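Chemist: Take this structure, written in structure tokens, and hold onto it; I'll ask about it next.
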Amino acid sequence: MAKKQKFYVVWFGNPAGIFGSWEECKRSIQGVKGAQYKSFETFEEAKKAYNKEYADYKGKTVKKTLSKEQLEKIGEPNLYSIAVDAASSGNPGKMEYRGVDTQTRKQLFHQGPFQQGTNNIGEFLALVHGLAFLKKNNSDRIIYSDSRIAMGWVKKKKCNTKLKQSAKNKTLFELVARAENWLKTNKYETKIVKWETKVWGEIPADFGRK
């Protein structure tokens with residue numbers, strides 16, 4: 001299956017402009033200190049962005065333009081749910097995670113910051129914490145995550161991180177072991193659902209640091 005074409009906006013480069021391939025974009029930003037660029041799904045989105053400022057798009061997820069049929073298929077998020085997310089300043093770096101009520105965005109739980117961790121570990125721990133939280137409260141709500149990796153780890157009941165254990169992250173790995181043990185010794189009915197960031201925007205539990 002052919003890879004879908006993307007369009008690249010270069011606000012500051014040599015030259016600036018809209019490019020139809022990553023190779024063209026790369027040539028325009030190579031050697032340019034502080035180059036400003038971002039990819040878009042369609043030419044229309046790229047053209048609209050080029051006529052605005054880079055600051056309007058820096059660090060923000062651009063919603064994907066979908067057909068009416070695709071939007072209807074995805075639908076709206078189920079607000080009778082909780083959402084989880086993690087944030088890491090560096091990879092590895094200081095990491096924390098939390099869970100919120102999807103509708104009100106009220107924080108339900110929060111852990112960290114841990115001295116050394118990764119975003120994937122945080123996403124995994126957030127999901128397990130969310131599952132335990134809902135089970136403890138006998139809730140039938142679903143749980144949203146924007147991390148397919150973490151969802152896969154939870155399904156396999158194993159945090160498959162490549163981060164090496166050390167004195168810096170000893171506490172974190174103790175928590176990981178507890179989370180893995182919880183998954184192996186508990187049954188749950190909670191449905192874990194992927195948060196459709198490209199359609200709905202950032203997950204409500206997002207720390208807003210992108």
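Identifiers in this document derive from the order of the structure tokens: chains are assigned A, B, ..., residues are numbered from 1 separately in each chain, and ligands are numbered from 1 in order of occurrence.
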Contacts of region 32-46 of chain A at 7 Å or less, counting only C-alpha atoms, minus same-chain residues fewer than 2 places along, as an NGL selection string?

Modeler: :A and (6-13 or 18 or 29-30 or 48-50 or 54 or 64)

Chemist: Write out as a ChimeraX atom specification the residues lying within 8 Å of Trp195 (chain A), counting only C-alpha atoms and excluding same-chain residues fewer than 3 positions away.

Modeler: /A:77,144-146,200,203

Chemist: Just to be explicit: take each residue in the selection above, keep N, CA and C atoms, and write the result as a PDB file, in the first residue's frame.

Modeler:
ATOM      1  N   PRO A  77     -15.957  11.233  21.690  1.00  0.00           N
ATOM      2  CA  PRO A  77     -15.476  10.454  22.835  1.00  0.00           C
ATOM      3  C   PRO A  77     -16.590  10.182  23.841  1.00  0.00           C
ATOM      4  N   TYR A 144      -9.480   5.839  28.701  1.00  0.00           N
ATOM      5  CA  TYR A 144      -8.827   6.274  27.463  1.00  0.00           C
ATOM      6  C   TYR A 144      -7.321   6.444  27.666  1.00  0.00           C
ATOM      7  N   SER A 145      -6.564   6.033  26.650  1.00  0.00           N
ATOM      8  CA  SER A 145      -5.121   6.261  26.610  1.00  0.00           C
ATOM      9  C   SER A 145      -4.762   6.636  25.181  1.00  0.00           C
ATOM     10  N   ASP A 146      -3.754   7.497  25.013  1.00  0.00           N
ATOM     11  CA  ASP A 146      -3.323   7.839  23.653  1.00  0.00           C
ATOM     12  C   ASP A 146      -2.048   7.078  23.269  1.00  0.00           C
ATOM     13  N   TRP A 200      -9.995  14.340  18.045  1.00  0.00           N
ATOM     14  CA  TRP A 200     -10.537  14.970  19.253  1.00  0.00           C
ATOM     15  C   TRP A 200      -9.604  15.975  19.910  1.00  0.00           C
ATOM     16  N   ILE A 203      -5.574  14.486  24.635  1.00  0.00           N
ATOM     17  CA  ILE A 203      -6.311  13.765  25.651  1.00  0.00           C
ATOM     18  C   ILE A 203      -6.498  14.664  26.874  1.00  0.00           C
TER      19      ILE A 203
END

Chemist: CA of Leu134 (chain A) and CA of Val176 (chain A), how far apart in Å?

Modeler: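 Taking CA of Val176 (chain A) as the start and CA of Leu134 (chain A) as the end point, the length is 18.7 Å.
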
Chemist: Using only C-alpha atoms, which protein or nucleic acid residues come within 8 Å of Tyr97 (chain A)? Drop anything in the same chain fewer than 5 positions from it, and give the result as a ChimeraX atom specification.

Modeler: /A:84-87,110-113,122-123,125-126

Chemist: Between A:Ser147, A:Gln116, A:Ala205, A:Gly99, which is the closest to Ala167 (chain A) once you count only C-alpha atoms?

Modeler: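 Nearest to Ala167 (chain A): A:Gln116.
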
Chemist: DSSP on the backbone, then: every residue of region 2-192 of chain A marked helix (DSSP H, G or I), written as a PyMOL selection string.

Modeler: chain A and resi 22-29+43-50+54-56+68-74+119-136+148-156+170-185

Chemist: Tell me, in Å to one decimal, how far CA of Ala83 (chain A) is from CA of Thr102 (chain A).

Modeler: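 Separation between CA of Ala83 (chain A) and CA of Thr102 (chain A): 5.6 Å.
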